[in-house]
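Here's the structure, in structure tokens; my notes come after.
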Amino acid sequence: MISLAIYYLPSFKLLEISTASHSSKLLRALGFDSRSYMLDSRAIVDGFEIEKDCTGVQVFALLAGLVLPVPLISVRRKLLLLSATAVAIYVLNVVRIALQIWLYYGNILPWTSVHDSFGRVLAAFSVFALILVTAKIFPEYEQFLLRIFSVIRESLALPRPPPEKH
């Protein structure tokens, strides 16, 4: 419920605009002729619309939904983790968008490969990496995850037959 609320309730228009702007600035710093602009309230960078999903907010929402309910981690430590994660996700998404545009306009890969395949692999890797890093930094989180997996495994387990009598 926490993840869904974070993902669906607020507007992310300012985040979309900022992501487009910083992606364009990074491309320009790398020598690429890039520009970002608004078109009918849509954030555009080099002809590509930056939507909510382009900002990485879904990764943040997922992590927040996994971390906020953990009772063993203090509120201060949760906020520190989520703040650091938000910054890391933002920076990594700006780099990802700039890389995708560079690969496409550099005629290195077609857009479907750059956006769809590369994007999905990167997203899955990002979520996995965030969970591993979080579990390493916060042992309480690792204990919480192990308990959740244990409950799931127990609830999915088939009843065992009684032991045979000889």
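Scheme for the structure tokens: letters A, B, ... for chains in order shown; per-chain residue numbers from 1; ligand numbers from 1 in order shown.
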
Please provide the set of residues having any atom within 8 Å of Val94 in chain A, restricted to only C-alpha atoms, with same-chain residues fewer than 4 positions apart removed, written as a ChimeraX atom specification.
-> /A:19-20,22-23,26,90,98

Quick one: residues within 9 Å of Ile89 in chain A, only C-alpha atoms counted, chain neighbours fewer than 5 positions away excluded, as a PyMOL selection string?
-> chain A and resi 55-57+59-60+84+94+126

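For the set A:Lys165, A:Leu14, A:Asp53, A:Leu27, the residue with the smallest atom-to-atom gap to Val95 in chain A is A:Leu27, counting only C-alpha atoms.
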
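Closest approach to Phe138 in chain A among A:Pro10, A:Leu80, A:Lys25, A:Asp40: A:Leu80, based on only C-alpha atoms.
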
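Interatomic distance, CA of Ile17 in chain A to CA of Ser34 in chain A: 14.7 Å.
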
Can you pull out every residue within 12 Å of Ile137 in chain A, counting only C-alpha atoms, but drop anything in the same chain fewer than 6 positions away, and send it as number ranges by chain?
-> A: 73, 77-78, 80-81, 130-131, 143

Please provide as a list in words all residues within 10 Å of Tyr141 in chain A, with the sequence filter that same-chain residues fewer than 3 positions apart are discarded (counting only C-alpha atoms).
-> Leu66, Val67, Pro69, Val70, Pro71, Leu72, Ile73, Ile131, Leu132, Thr134, Ala135, Lys136, Ile137, Phe138, Phe144, Leu145, Leu146 and Arg147 of chain A

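Restricting the calculation to only C-alpha atoms, the smallest distance between Ile101 in chain A and any of A:Leu68, A:Leu82, A:Ile152, A:Ile44 is found for A:Ile44.
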
Helix (DSSP H, G or I) per DSSP on the backbone: members of chain A, as an NGL selection string | :A and (2-8 or 13-29 or 52-55 or 57-67 or 75-105 or 111-137 or 139-156)
